[in-house]
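Student: Structure: upload-v4.tsv, TSV, C-alpha atoms.
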chain	number	residue	atom	x	y	z
A	1	MET	CA	174.11	156.60	193.22
A	2	ARG	CA	175.85	157.77	190.06
A	3	VAL	CA	174.82	157.78	186.45
A	4	TYR	CA	177.38	157.43	183.69
A	5	SER	CA	176.46	158.21	180.12
A	6	HIS	CA	178.05	156.58	177.10
A	7	TYR	CA	177.52	158.12	173.66
A	8	SER	CA	178.02	155.90	170.63
A	9	ILE	CA	179.03	157.96	167.63
A	10	ASP	CA	178.20	155.04	165.31
A	11	SER	CA	174.53	154.81	166.16
A	12	LEU	CA	174.19	158.33	167.67
A	13	ALA	CA	172.73	156.64	170.72
A	14	ASN	CA	173.21	156.67	174.47
A	15	SER	CA	173.64	153.86	176.95
A	16	TYR	CA	173.74	154.47	180.69
A	17	VAL	CA	175.38	152.79	183.66
A	18	VAL	CA	173.81	153.38	187.07
A	19	GLY	CA	175.86	152.30	190.03
A	20	PRO	CA	176.97	153.10	193.56
A	21	SER	CA	179.57	155.70	194.57
A	22	GLY	CA	182.11	152.97	195.21
A	23	PRO	CA	182.72	149.52	193.72
A	24	GLY	CA	179.72	147.22	193.41
A	25	ASP	CA	176.87	145.99	191.28
A	26	ALA	CA	175.51	148.27	188.59
A	27	VAL	CA	172.68	148.47	186.10
A	28	LEU	CA	173.11	149.01	182.38
A	29	ILE	CA	170.34	150.67	180.43
A	30	ASP	CA	170.12	149.85	176.71
A	31	PRO	CA	173.23	147.82	175.79
A	32	ALA	CA	173.77	149.51	172.43
A	33	VAL	CA	177.52	149.14	172.34
A	34	LEU	CA	180.38	147.43	174.14
A	35	ASP	CA	183.59	149.18	173.22
A	36	ALA	CA	186.76	149.97	175.14
A	37	GLN	CA	185.25	153.16	176.51
A	38	MET	CA	182.15	151.40	177.84
A	39	LEU	CA	184.22	148.57	179.30
A	40	GLY	CA	186.55	151.12	180.84
A	41	LEU	CA	183.60	152.94	182.33
A	42	ILE	CA	182.32	149.75	183.97
A	43	GLU	CA	185.61	148.24	185.02
A	44	GLY	CA	187.24	151.56	185.87
A	45	ASN	CA	184.59	152.00	188.55
A	46	SER	CA	184.93	148.35	189.67
A	47	TYR	CA	181.34	147.68	188.74
A	48	TYR	CA	179.78	144.33	187.89
A	49	ILE	CA	176.75	144.58	185.61
A	50	ARG	CA	173.98	142.80	187.49
A	51	GLY	CA	170.93	144.12	185.64
A	52	ILE	CA	170.18	145.19	182.07
A	53	LEU	CA	167.09	147.28	181.44
A	54	VAL	CA	165.84	147.42	177.86
A	55	THR	CA	163.63	150.38	176.96
A	56	HIS	CA	162.60	149.03	173.60
A	57	CYS	CA	163.46	145.81	171.77
A	58	GLU	CA	164.86	147.35	168.63
A	59	ARG	CA	168.17	146.06	167.29
A	60	ALA	CA	169.98	149.35	167.93
A	61	HIS	CA	169.23	149.06	171.66
A	62	LEU	CA	170.49	145.50	171.87
A	63	LYS	CA	173.55	145.31	169.65
A	64	ALA	CA	175.86	144.60	172.59
A	65	LEU	CA	173.49	142.48	174.69
A	66	ARG	CA	175.09	139.12	173.96
A	67	ALA	CA	178.61	140.45	174.39
A	68	ILE	CA	177.68	142.07	177.71
A	69	LEU	CA	176.14	138.81	178.91
A	70	ARG	CA	179.29	136.91	178.00
A	71	VAL	CA	181.34	139.32	180.11
A	72	TYR	CA	178.78	139.57	182.93
A	73	PRO	CA	176.90	136.23	182.77
A	74	ARG	CA	175.02	136.78	186.01
A	75	ALA	CA	173.25	139.89	184.68
A	76	GLN	CA	169.47	139.70	184.55
A	77	VAL	CA	167.69	141.21	181.55
A	78	PHE	CA	164.44	143.14	181.97
A	79	ALA	CA	162.24	144.04	178.98
A	80	ALA	CA	158.64	144.20	177.84
A	81	VAL	CA	158.90	140.80	176.17
A	82	PRO	CA	160.05	137.44	177.60
A	83	GLN	CA	162.76	136.90	175.00
A	84	VAL	CA	165.14	139.56	173.73
A	85	HIS	CA	167.55	138.93	170.89
A	86	GLY	CA	167.45	135.18	171.68
A	87	THR	CA	168.04	135.79	175.38
A	88	ARG	CA	165.59	135.06	178.17
A	89	ALA	CA	164.32	138.25	179.80
A	90	ASN	CA	162.26	139.10	182.85
A	91	ARG	CA	159.06	140.56	181.51
A	92	VAL	CA	158.16	143.93	182.98
A	93	GLU	CA	154.73	145.49	183.32
A	94	HIS	CA	153.62	149.06	183.78
A	95	GLY	CA	153.98	150.16	187.39
A	96	GLN	CA	156.22	147.24	188.33
A	97	ARG	CA	159.02	147.98	190.81
A	98	ILE	CA	162.31	146.36	189.91
A	99	GLU	CA	164.78	145.90	192.77
A	100	LEU	CA	168.30	145.92	191.39
A	101	CYS	CA	171.63	146.60	193.05
A	102	GLY	CA	170.01	148.30	196.03
A	103	MET	CA	167.99	150.61	193.78
A	104	GLN	CA	164.33	150.49	192.92
A	105	PHE	CA	163.41	151.19	189.30
A	106	ALA	CA	159.79	151.82	188.36
A	107	ALA	CA	158.77	150.56	184.93
A	108	ILE	CA	156.63	153.02	182.97
A	109	SER	CA	154.92	151.81	179.82
A	110	LEU	CA	154.98	154.37	176.97
A	111	PRO	CA	153.40	152.72	173.91
A	112	GLY	CA	153.26	154.73	170.70
A	113	HIS	CA	156.75	154.65	169.27
A	114	SER	CA	156.40	150.88	169.64
A	115	ARG	CA	154.17	148.59	171.67
A	116	ASP	CA	157.05	147.52	173.88
A	117	SER	CA	158.44	150.96	174.79
A	118	PHE	CA	159.21	151.38	178.47
A	119	ALA	CA	160.85	154.07	180.58
A	120	TYR	CA	162.58	153.30	183.87
A	121	TYR	CA	162.39	155.75	186.74
A	122	VAL	CA	164.66	155.86	189.73
A	123	PRO	CA	164.31	158.90	192.00
A	124	GLY	CA	166.16	161.76	190.31
A	125	PHE	CA	166.36	160.17	186.87
A	126	VAL	CA	164.18	158.66	184.18
A	127	PHE	CA	165.54	156.67	181.25
A	128	THR	CA	163.05	157.14	178.44
A	129	GLY	CA	164.53	155.24	175.49
A	130	CYS	CA	163.09	156.34	172.15
A	131	ALA	CA	159.71	157.35	173.56
A	132	VAL	CA	160.78	160.78	174.83
A	133	THR	CA	163.77	162.78	173.71
A	134	ALA	CA	164.65	166.42	174.33
A	135	GLY	CA	161.79	168.49	172.89
A	136	GLU	CA	160.18	165.58	171.06
A	137	THR	CA	158.25	162.42	171.47
A	138	GLY	CA	159.47	159.38	169.57
A	139	VAL	CA	158.81	158.71	165.92
A	140	VAL	CA	155.38	157.14	165.36
A	141	GLN	CA	153.61	155.56	162.41
A	142	ASN	CA	150.15	157.09	162.55
A	143	PRO	CA	148.14	159.87	164.25
A	144	TYR	CA	146.59	157.45	166.74
A	145	ALA	CA	150.02	156.34	167.95
A	146	LYS	CA	151.04	159.98	168.19
A	147	ALA	CA	148.04	160.83	170.36
A	148	LEU	CA	148.62	157.75	172.51
A	149	LEU	CA	152.29	158.54	173.06
A	150	ILE	CA	151.78	162.25	173.75
A	151	SER	CA	149.03	161.59	176.25
A	152	ASN	CA	151.09	158.93	178.01
A	153	VAL	CA	154.12	161.21	178.16
A	154	HIS	CA	152.08	163.99	179.71
A	155	GLU	CA	150.43	161.63	182.15
A	156	ARG	CA	153.36	159.42	183.13
A	157	ILE	CA	156.58	161.38	182.55
A	158	LEU	CA	155.78	165.07	182.88
A	159	THR	CA	154.07	164.41	186.22
A	160	LEU	CA	157.35	163.19	187.74
A	161	PRO	CA	159.18	165.65	190.03
A	162	ALA	CA	160.33	168.72	188.07
A	163	GLU	CA	164.02	168.20	188.84
A	164	THR	CA	164.01	164.65	187.41
A	165	VAL	CA	166.69	164.35	184.74
A	166	ILE	CA	165.55	162.76	181.48
A	167	PHE	CA	168.11	160.49	179.84
A	168	PRO	CA	166.94	159.42	176.36
A	169	PHE	CA	168.37	156.82	174.00
A	170	HIS	CA	168.85	159.44	171.27
A	171	GLY	CA	169.97	163.01	171.79
A	172	PRO	CA	170.97	165.15	174.73
A	173	PRO	CA	169.57	164.92	178.25
A	174	SER	CA	166.85	167.16	179.57
A	175	SER	CA	164.69	167.50	182.66
A	176	VAL	CA	161.01	167.15	183.43
A	177	MET	CA	160.83	170.88	184.19
A	178	ILE	CA	162.22	171.75	180.75
A	179	GLU	CA	160.07	169.24	178.90
A	180	ARG	CA	156.89	170.50	180.53
A	181	SER	CA	157.30	173.62	178.42
A	182	LEU	CA	158.70	172.01	175.26
A	183	GLN	CA	157.03	168.64	174.69
A	184	PRO	CA	154.36	168.69	172.00
A	185	THR	CA	150.76	168.71	173.12
A	186	LEU	CA	147.59	167.53	171.53
A	187	ASP	CA	144.67	169.89	171.70
A	188	GLU	CA	141.65	168.59	173.54
A	189	ALA	CA	139.58	168.32	170.38
A	190	GLU	CA	142.10	166.01	168.78
A	191	LEU	CA	142.31	163.84	171.86
A	192	GLY	CA	138.50	163.84	172.08
A	193	THR	CA	138.24	162.57	168.51
A	194	LEU	CA	140.60	159.72	169.22
A	195	SER	CA	139.21	158.70	172.59
B	196	MET	CA	181.56	138.93	193.65
B	197	ALA	CA	181.18	142.46	192.43
B	198	GLY	CA	183.91	143.99	190.35
B	199	THR	CA	186.13	140.92	190.28
B	200	LEU	CA	186.12	140.38	186.53
B	201	ARG	CA	189.05	142.03	184.82
B	202	HIS	CA	190.08	142.22	181.19
B	203	PRO	CA	193.79	143.03	181.10
B	204	GLU	CA	193.85	142.89	177.31
B	205	THR	CA	191.62	145.94	177.13
B	206	GLY	CA	193.80	147.94	179.41
B	207	VAL	CA	190.98	148.73	181.82
B	208	GLN	CA	193.18	148.19	184.86
B	209	ALA	CA	195.61	150.69	183.45
B	210	TYR	CA	192.69	153.04	183.00
B	211	ALA	CA	191.63	152.58	186.61
B	212	THR	CA	195.07	153.34	187.94
B	213	ARG	CA	195.28	156.49	185.85
B	214	CYS	CA	192.43	157.94	187.88
B	215	ASN	CA	193.58	159.14	191.25
B	216	GLU	CA	190.34	160.01	192.92
B	217	THR	CA	190.15	162.28	195.93
B	218	ARG	CA	187.07	163.37	197.80
B	219	HIS	CA	186.40	166.91	198.82
B	220	SER	CA	184.76	167.51	202.18
B	221	SER	CA	181.71	169.06	200.54
B	222	ASP	CA	178.74	166.67	200.38
B	223	THR	CA	178.29	166.09	196.67
B	224	LEU	CA	181.53	167.39	195.29
B	225	LEU	CA	184.02	164.99	193.87
B	226	VAL	CA	187.24	166.19	192.40
B	227	ARG	CA	189.43	163.87	190.40
B	228	SER	CA	192.87	164.35	189.08
B	229	CYS	CA	192.39	162.13	186.10
B	230	LEU	CA	194.34	161.96	182.90
B	231	SER	CA	191.30	160.78	181.05
B	232	TYR	CA	188.40	163.16	180.44
B	233	ASP	CA	186.11	160.53	178.99
B	234	VAL	CA	183.97	159.57	181.97
B	235	PRO	CA	180.78	161.59	181.90
B	236	MET	CA	178.99	161.31	185.21
B	237	PHE	CA	175.97	162.89	186.80
B	238	VAL	CA	175.52	163.10	190.55
B	239	PRO	CA	172.26	164.55	191.79
B	240	GLY	CA	172.90	167.83	193.56
B	241	ARG	CA	170.90	169.82	196.05
B	242	THR	CA	169.16	172.96	194.88
B	243	PRO	CA	169.59	175.72	197.46
B	244	SER	CA	167.01	178.47	197.63
B	245	ARG	CA	169.68	181.20	197.71
B	246	PRO	CA	172.00	181.99	194.81
B	247	ALA	CA	175.31	180.21	195.14
B	248	SER	CA	178.26	182.36	196.03
B	249	PRO	CA	180.69	183.04	193.15
B	250	GLU	CA	183.54	183.06	195.68
B	251	LYS	CA	182.91	179.37	196.37
B	252	LEU	CA	183.33	178.53	192.69
B	253	LEU	CA	186.37	180.76	192.23
B	254	SER	CA	188.03	179.27	195.28
B	255	LEU	CA	187.44	175.75	193.92
B	256	LEU	CA	188.79	176.76	190.52
B	257	ARG	CA	192.00	177.98	192.11
B	258	ARG	CA	192.50	174.59	193.77
B	259	TYR	CA	191.21	172.13	191.16
B	260	HIS	CA	191.18	171.88	187.40
B	261	VAL	CA	188.68	169.03	187.11
B	262	ILE	CA	185.42	169.29	189.01
B	263	TYR	CA	182.73	166.61	189.32
B	264	GLY	CA	179.16	166.88	190.53
B	265	LEU	CA	179.23	170.49	191.69
B	266	SER	CA	175.82	172.03	192.21
B	267	LEU	CA	175.76	175.85	192.19
B	268	PRO	CA	172.42	176.86	190.72
B	269	ARG	CA	171.60	180.57	190.36
B	270	ILE	CA	175.24	181.52	190.63
B	271	GLU	CA	176.02	185.02	189.34
B	272	LEU	CA	179.36	185.59	187.64
B	273	ARG	CA	180.55	188.86	186.14
B	274	ALA	CA	183.61	189.57	184.02
B	275	THR	CA	185.19	186.25	184.92
B	276	GLU	CA	187.72	184.39	182.80
B	277	ILE	CA	187.97	180.64	183.29
B	278	THR	CA	190.73	178.82	181.45
B	279	ALA	CA	191.58	175.12	181.19
B	280	HIS	CA	189.06	173.75	183.67
B	281	ALA	CA	186.80	170.73	183.23
B	282	PHE	CA	183.32	170.35	184.70
B	283	TYR	CA	181.52	167.01	184.80
B	284	GLY	CA	177.97	166.44	185.99
B	285	CYS	CA	177.70	169.98	187.36
B	286	ASN	CA	174.54	171.99	187.85
B	287	PHE	CA	174.53	175.73	187.09
B	288	SER	CA	170.80	176.07	186.41
B	289	HIS	CA	169.33	179.59	186.45
B	290	ALA	CA	172.82	181.13	186.64
B	291	HIS	CA	173.51	184.64	185.40
B	292	LEU	CA	176.78	184.92	183.47
B	293	ARG	CA	177.76	188.38	182.29
B	294	GLU	CA	180.88	189.09	180.22
B	295	CYS	CA	182.42	185.74	181.13
B	296	ARG	CA	185.01	184.03	179.00
B	297	PHE	CA	185.61	180.27	179.00
B	298	GLU	CA	188.76	179.22	177.22
B	299	GLN	CA	190.02	175.66	176.64
B	300	CYS	CA	187.43	174.36	179.14
B	301	ALA	CA	185.39	171.15	179.10
B	302	PHE	CA	181.78	170.67	180.16
B	303	GLU	CA	180.18	167.26	180.13
B	304	LEU	CA	176.71	166.28	181.34
B	305	CYS	CA	176.31	169.72	182.89
B	306	PHE	CA	173.04	171.54	183.40
B	307	LEU	CA	173.16	175.17	182.26
B	308	ASP	CA	169.43	175.42	181.66
B	309	SER	CA	167.52	178.67	182.14
B	310	VAL	CA	170.85	180.49	182.33
B	311	THR	CA	171.20	184.13	181.25
B	312	PHE	CA	174.31	184.52	179.09
B	313	GLU	CA	175.24	188.14	178.41
B	314	ARG	CA	178.20	188.90	176.16
B	315	CYS	CA	179.90	185.59	177.01
B	316	VAL	CA	182.54	183.85	174.92
B	317	PHE	CA	183.32	180.13	174.82
B	318	SER	CA	186.56	179.59	172.96
B	319	GLY	CA	188.20	176.24	172.20
B	320	THR	CA	185.81	174.61	174.61
B	321	GLU	CA	184.60	171.00	174.60
B	322	ILE	CA	180.92	170.81	175.55
B	323	ARG	CA	179.28	167.38	175.47
B	324	ASN	CA	175.85	166.18	176.47
B	325	CYS	CA	175.06	169.48	178.19
B	326	VAL	CA	171.69	171.11	178.70
B	327	MET	CA	171.37	174.79	177.84
B	328	ALA	CA	167.64	174.63	177.19
B	329	LEU	CA	165.44	177.63	178.03
B	330	SER	CA	168.52	179.84	178.36
B	331	SER	CA	168.73	183.42	177.17
B	332	PHE	CA	171.65	184.51	175.00
B	333	THR	CA	172.70	188.09	174.42
B	334	GLU	CA	175.68	188.60	172.12
B	335	THR	CA	177.13	185.25	173.09
B	336	LEU	CA	179.76	183.55	170.95
B	337	PHE	CA	180.97	179.95	170.75
B	338	GLU	CA	184.16	179.84	168.68
B	339	GLY	CA	186.39	176.92	167.75
B	340	SER	CA	184.43	174.71	170.11
B	341	ASN	CA	182.86	171.26	170.01
B	342	LEU	CA	179.25	171.14	171.21
B	343	ILE	CA	178.41	167.47	170.79
B	344	GLN	CA	174.85	166.39	171.53
B	345	CYS	CA	173.86	169.52	173.44
B	346	ASN	CA	170.34	170.68	174.23
B	347	PHE	CA	169.59	174.28	173.17
B	348	ASN	CA	165.82	173.79	173.02
B	349	GLY	CA	163.63	176.78	173.77
B	350	CYS	CA	166.48	179.27	173.93
B	351	SER	CA	165.68	182.94	173.61
B	352	GLY	CA	167.51	186.25	173.54
B	353	ASN	CA	168.80	188.41	170.73
B	354	ASP	CA	172.09	187.07	169.45
B	355	LEU	CA	173.76	183.68	169.54
B	356	SER	CA	176.74	182.90	167.31
B	357	PHE	CA	178.67	179.75	166.52
B	358	ASP	CA	181.90	180.17	164.61
B	359	ASP	CA	183.97	177.17	163.54
B	360	CYS	CA	182.10	174.76	165.83
B	361	ASP	CA	181.13	171.09	165.68
B	362	LEU	CA	177.47	170.81	166.75
B	363	LEU	CA	176.97	167.11	165.94
B	364	HIS	CA	173.58	165.77	167.07
B	365	SER	CA	172.65	168.88	169.08
B	366	ARG	CA	169.09	170.15	169.29
B	367	PHE	CA	167.68	173.63	168.65
B	368	ASP	CA	163.94	173.18	169.14
B	369	ALA	CA	161.59	176.18	169.36
B	370	LEU	CA	164.36	178.77	169.24
B	371	THR	CA	163.42	182.42	169.41
B	372	VAL	CA	166.93	183.79	169.25
B	373	LYS	CA	168.68	184.98	166.10
B	374	THR	CA	171.38	182.36	165.58
B	375	SER	CA	174.36	182.55	163.30
B	376	LEU	CA	176.29	179.41	162.33
B	377	VAL	CA	179.48	180.04	160.40
B	378	ASN	CA	181.79	177.24	159.28
B	379	CYS	CA	180.00	174.76	161.54
B	380	ASN	CA	179.30	171.04	161.32
B	381	VAL	CA	175.54	170.66	161.79
B	382	LYS	CA	175.25	166.99	160.89
B	383	GLN	CA	172.15	165.48	162.52
B	384	VAL	CA	171.45	168.79	164.27
B	385	ARG	CA	167.72	169.25	164.70
B	386	PHE	CA	166.05	172.63	164.26
B	387	LEU	CA	162.47	171.81	165.16
B	388	ARG	CA	159.66	174.33	165.30
B	389	THR	CA	162.20	177.09	164.68
B	390	GLU	CA	161.58	179.83	162.12
B	391	GLN	CA	164.22	179.51	159.46
B	392	SER	CA	164.46	183.31	159.23
B	393	LEU	CA	166.14	183.22	162.65
B	394	LEU	CA	168.89	180.92	161.40
B	395	HIS	CA	171.79	182.22	159.38
B	396	PHE	CA	174.14	179.60	157.92
B	397	ARG	CA	177.42	180.34	156.19
B	398	ALA	CA	179.96	177.73	155.09
B	399	SER	CA	178.08	175.07	157.06
B	400	ASN	CA	176.59	171.74	155.97
B	401	GLN	CA	172.96	172.61	156.68
B	402	GLU	CA	171.90	169.96	154.13
B	403	ASP	CA	172.88	167.39	156.78
B	404	ALA	CA	170.71	169.03	159.45
B	405	VAL	CA	167.08	168.20	160.19
B	406	PHE	CA	164.37	170.85	159.86
B	407	LEU	CA	160.87	169.99	160.97
B	408	GLY	CA	157.76	172.05	161.43
B	409	GLU	CA	154.99	171.87	164.01
B	410	ASP	CA	153.72	168.64	162.53
B	411	GLY	CA	157.04	167.04	161.85
B	412	TRP	CA	156.43	163.66	163.43
Translate this file's structure into structure tokens.
Tutor:
Amino acid sequence: MRVYSHYSIDSLANSYVVGPSGPGDAVLIDPAVLDAQMLGLIEGNSYYIRGILVTHCERAHLKALRAILRVYPRAQVFAAVPQVHGTRANRVEHGQRIELCGMQFAAISLPGHSRDSFAYYVPGFVFTGCAVTAGETGVVQNPYAKALLISNVHERILTLPAETVIFPFHGPPSSVMIERSLQPTLDEAELGTLS
Amino acid sequence: MAGTLRHPETGVQAYATRCNETRHSSDTLLVRSCLSYDVPMFVPGRTPSRPASPEKLLSLLRRYHVIYGLSLPRIELRATEITAHAFYGCNFSHAHLRECRFEQCAFELCFLDSVTFERCVFSGTEIRNCVMALSSFTETLFEGSNLIQCNFNGCSGNDLSFDDCDLLHSRFDALTVKTSLVNCNVKQVRFLRTEQSLLHFRASNQEDAVFLGEDGW
């Protein structure tokens, strides 16, 4: 299995392609952009995009969804909601295993940044979208959402194997080991107040 | 059928033929002679319990200029000069680099976390999407280099300098190392939970950077 990262300078955002060592079917995480570099990355490896995993149904994550589906019409879309950007999607739930291209992705719900935020874990890697970035949790709108997100990150992401690489939608990659010492924490009193 | 769709108008077939991939006998190592350096890739590597041998790396560097997916954590390098080599998806976690000089090199999607850098110089180097979090820097200089979207979170040490560098969208969270940024682009660079007294800017666009405190959500 290989992971390819694509950085869009326009939206300062990352998309990822996960595929086999040789030619074959691949998975695209967060179709933020379809430019010559992304197309080259897919076609240069003789990949066919068979699955699209959406971490969060915000426009920035989906800007290239329709274009990708026109190029790869047999791709299945997976998201927290049944319809994404006017396209039918397979609705995912927390803990669900998604079999795609010979790989098994585990869907991890991370509400807080938004209600529909999901991370996708495949052994060795976790794609966290906007919910977790290097050294930070995602932007939230109120203290309750902050507490909810931080507690979910500690419970569901930082308990993954230490060597797991974190690939966020915004910003550089990181690892679970690094984030265990850098992610913000809520003190017990604050969590107690909110529980 | 997988991989049958082609788009000649985008030149992707030409791109594919530019890449002449060869496989090295080592398990996770892939070496490509590729004209294009724009394919960042990460291949999971094994983490040996013993420090990797510097001879292995130096022998590879003599044979190849572009190295993919090499995993040599805890490698110790002293007084080594590496020029015009590219590393993609490589893992050098917990390495110890003393008096090393990297000139005209490229690093992309590489893990250099928890590395000890002592009196190292990176000159004219392209570093993208790399992780240098939790590393320690002593009198280390990045000059005339691009460090796009790199992770410097939690770095410590006593002296880290950037001179004439592009640091677009990099992160410097919870730094405890005195950091000097001279003539640098720090657009969208985040300095979270870092004491501003540790940061020295000169001729840089710090008004385009992001500074947040403990409660900066």
Student: Quick one, how far is CA of Ser288 in chain B from CA of Gln391 in chain B?
Tutor: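 Going from CA of Ser288 in chain B over to CA of Gln391 in chain B, I get 28.0 Å.
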Student: So, counting all atoms listed in the file, which residue among B:Phe386, B:Phe332, B:Phe317, B:Phe337 is closest to chain A?
Tutor: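 Of the candidates, the smallest distance to chain A is held by B:Phe386.
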Student: At a cut-off of 9 Å from (187.0, 175.9, 183.5) in the coordinates of the file, what residues are picked up using only C-alpha atoms, written as a VMD selection string?
Tutor: chain B and resid 256 260 to 262 276 to 282 297 to 302
Student: Could you tell me which of B:Asn353, B:Ser254, B:Ser375, B:Ser248 comes closest to Glu334 in chain B if we count all atoms listed in the file?
Tutor: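 Going through B:Asn353, B:Ser254, B:Ser375, B:Ser248 one by one, the smallest distance to Glu334 in chain B is for B:Asn353.
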Student: Within 10 Å of Pro172 in chain A, counting only C-alpha atoms, which residues qualify if same-chain residues fewer than 4 places away don't, as a list in words?
Tutor: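 That gives Tyr7, Ala13, Asn14, Thr133, Ala134, Gly135, Ile166, Phe167 and Pro168 of chain A; Leu304, Arg323, Asn324, Cys325, Val326, Ile343, Gln344, Cys345, Asn346, Phe347, His364, Ser365 and Arg366 of chain B.
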Student: Could you jot down the CA of Phe78 in chain A to CA of Pro173 in chain A separation for me, Å, one decimal place?
Tutor: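 According to the coordinates, CA of Phe78 in chain A and CA of Pro173 in chain A are separated by 22.7 Å.
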Student: Could you please select, counting only C-alpha atoms, the residues of chain A within 8 Å of chain B and state them as a PDB file with C-alpha atoms, in the coordinates of the input?
Tutor:
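For reference, result22.pdb as written:
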ATOM      1  CA  MET A   1     174.110 156.600 193.220  1.00  0.00           C
ATOM      2  CA  ARG A   2     175.850 157.770 190.060  1.00  0.00           C
ATOM      3  CA  VAL A   3     174.820 157.780 186.450  1.00  0.00           C
ATOM      4  CA  TYR A   4     177.380 157.430 183.690  1.00  0.00           C
ATOM      5  CA  SER A   5     176.460 158.210 180.120  1.00  0.00           C
ATOM      6  CA  HIS A   6     178.050 156.580 177.100  1.00  0.00           C
ATOM      7  CA  LEU A  12     174.190 158.330 167.670  1.00  0.00           C
ATOM      8  CA  PRO A  23     182.720 149.520 193.720  1.00  0.00           C
ATOM      9  CA  GLY A  24     179.720 147.220 193.410  1.00  0.00           C
ATOM     10  CA  ASP A  25     176.870 145.990 191.280  1.00  0.00           C
ATOM     11  CA  ALA A  36     186.760 149.970 175.140  1.00  0.00           C
ATOM     12  CA  GLN A  37     185.250 153.160 176.510  1.00  0.00           C
ATOM     13  CA  LEU A  39     184.220 148.570 179.300  1.00  0.00           C
ATOM     14  CA  GLY A  40     186.550 151.120 180.840  1.00  0.00           C
ATOM     15  CA  LEU A  41     183.600 152.940 182.330  1.00  0.00           C
ATOM     16  CA  GLU A  43     185.610 148.240 185.020  1.00  0.00           C
ATOM     17  CA  GLY A  44     187.240 151.560 185.870  1.00  0.00           C
ATOM     18  CA  ASN A  45     184.590 152.000 188.550  1.00  0.00           C
ATOM     19  CA  SER A  46     184.930 148.350 189.670  1.00  0.00           C
ATOM     20  CA  TYR A  47     181.340 147.680 188.740  1.00  0.00           C
ATOM     21  CA  TYR A  48     179.780 144.330 187.890  1.00  0.00           C
ATOM     22  CA  GLY A 124     166.160 161.760 190.310  1.00  0.00           C
ATOM     23  CA  ALA A 134     164.650 166.420 174.330  1.00  0.00           C
ATOM     24  CA  GLY A 135     161.790 168.490 172.890  1.00  0.00           C
ATOM     25  CA  VAL A 139     158.810 158.710 165.920  1.00  0.00           C
ATOM     26  CA  VAL A 140     155.380 157.140 165.360  1.00  0.00           C
ATOM     27  CA  GLY A 171     169.970 163.010 171.790  1.00  0.00           C
ATOM     28  CA  PRO A 172     170.970 165.150 174.730  1.00  0.00           C
ATOM     29  CA  PRO A 173     169.570 164.920 178.250  1.00  0.00           C
ATOM     30  CA  SER A 174     166.850 167.160 179.570  1.00  0.00           C
ATOM     31  CA  ILE A 178     162.220 171.750 180.750  1.00  0.00           C
ATOM     32  CA  LEU A 182     158.700 172.010 175.260  1.00  0.00           C
TER      33      LEU A 182
END
Student: Any idea what the distance is between CA of Tyr144 in chain A and CA of Ser181 in chain A?
Tutor: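 If I compute the distance from CA of Tyr144 in chain A to CA of Ser181 in chain A, I get 22.6 Å.
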Student: Find the residues near range 86-100 of chain A: any atom within 9 Å, counting only C-alpha atoms, skip ones fewer than 6 places away on the same chain, and give them as a list in words.
Tutor: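 Counting only C-alpha atoms, the residues come to Asp25, Ala26, Val27, Arg50, Gly51, Leu65, Arg66, Gln76, Val77, Phe78, Ala79, Ala80, Ala106, Ala107, Ile108, Ser109, Leu110 and Phe118 of chain A.
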Student: Given the choices B:Val381, B:Leu307, B:Leu253, B:Leu376, which gets closest to Arg397 in chain B if the distance is worked out from all atoms listed in the file?
Tutor: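 Residue with the minimum atom-to-atom distance to Arg397 in chain B: B:Leu376.
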Student: Find the spatial neighbours of Leu342 in chain B, counting only C-alpha atoms, within a cut-off of 6 Å - ignore same-chain residues fewer than 5 positions away - and output them as a VMD selection string.
Tutor: chain B and resid 322 to 323 361 to 362
Student: Counting only C-alpha atoms, figure out which residue out of A:Gln141, A:Gly112, A:Leu62, A:Phe105 gets nearest to Gln83 in chain A.
Tutor: A:Leu62
Student: Between A:Asp116, A:Glu163, A:Glu155, A:Glu179, which is the closest to Thr137 in chain A once you count only C-alpha atoms?
Tutor: A:Glu179
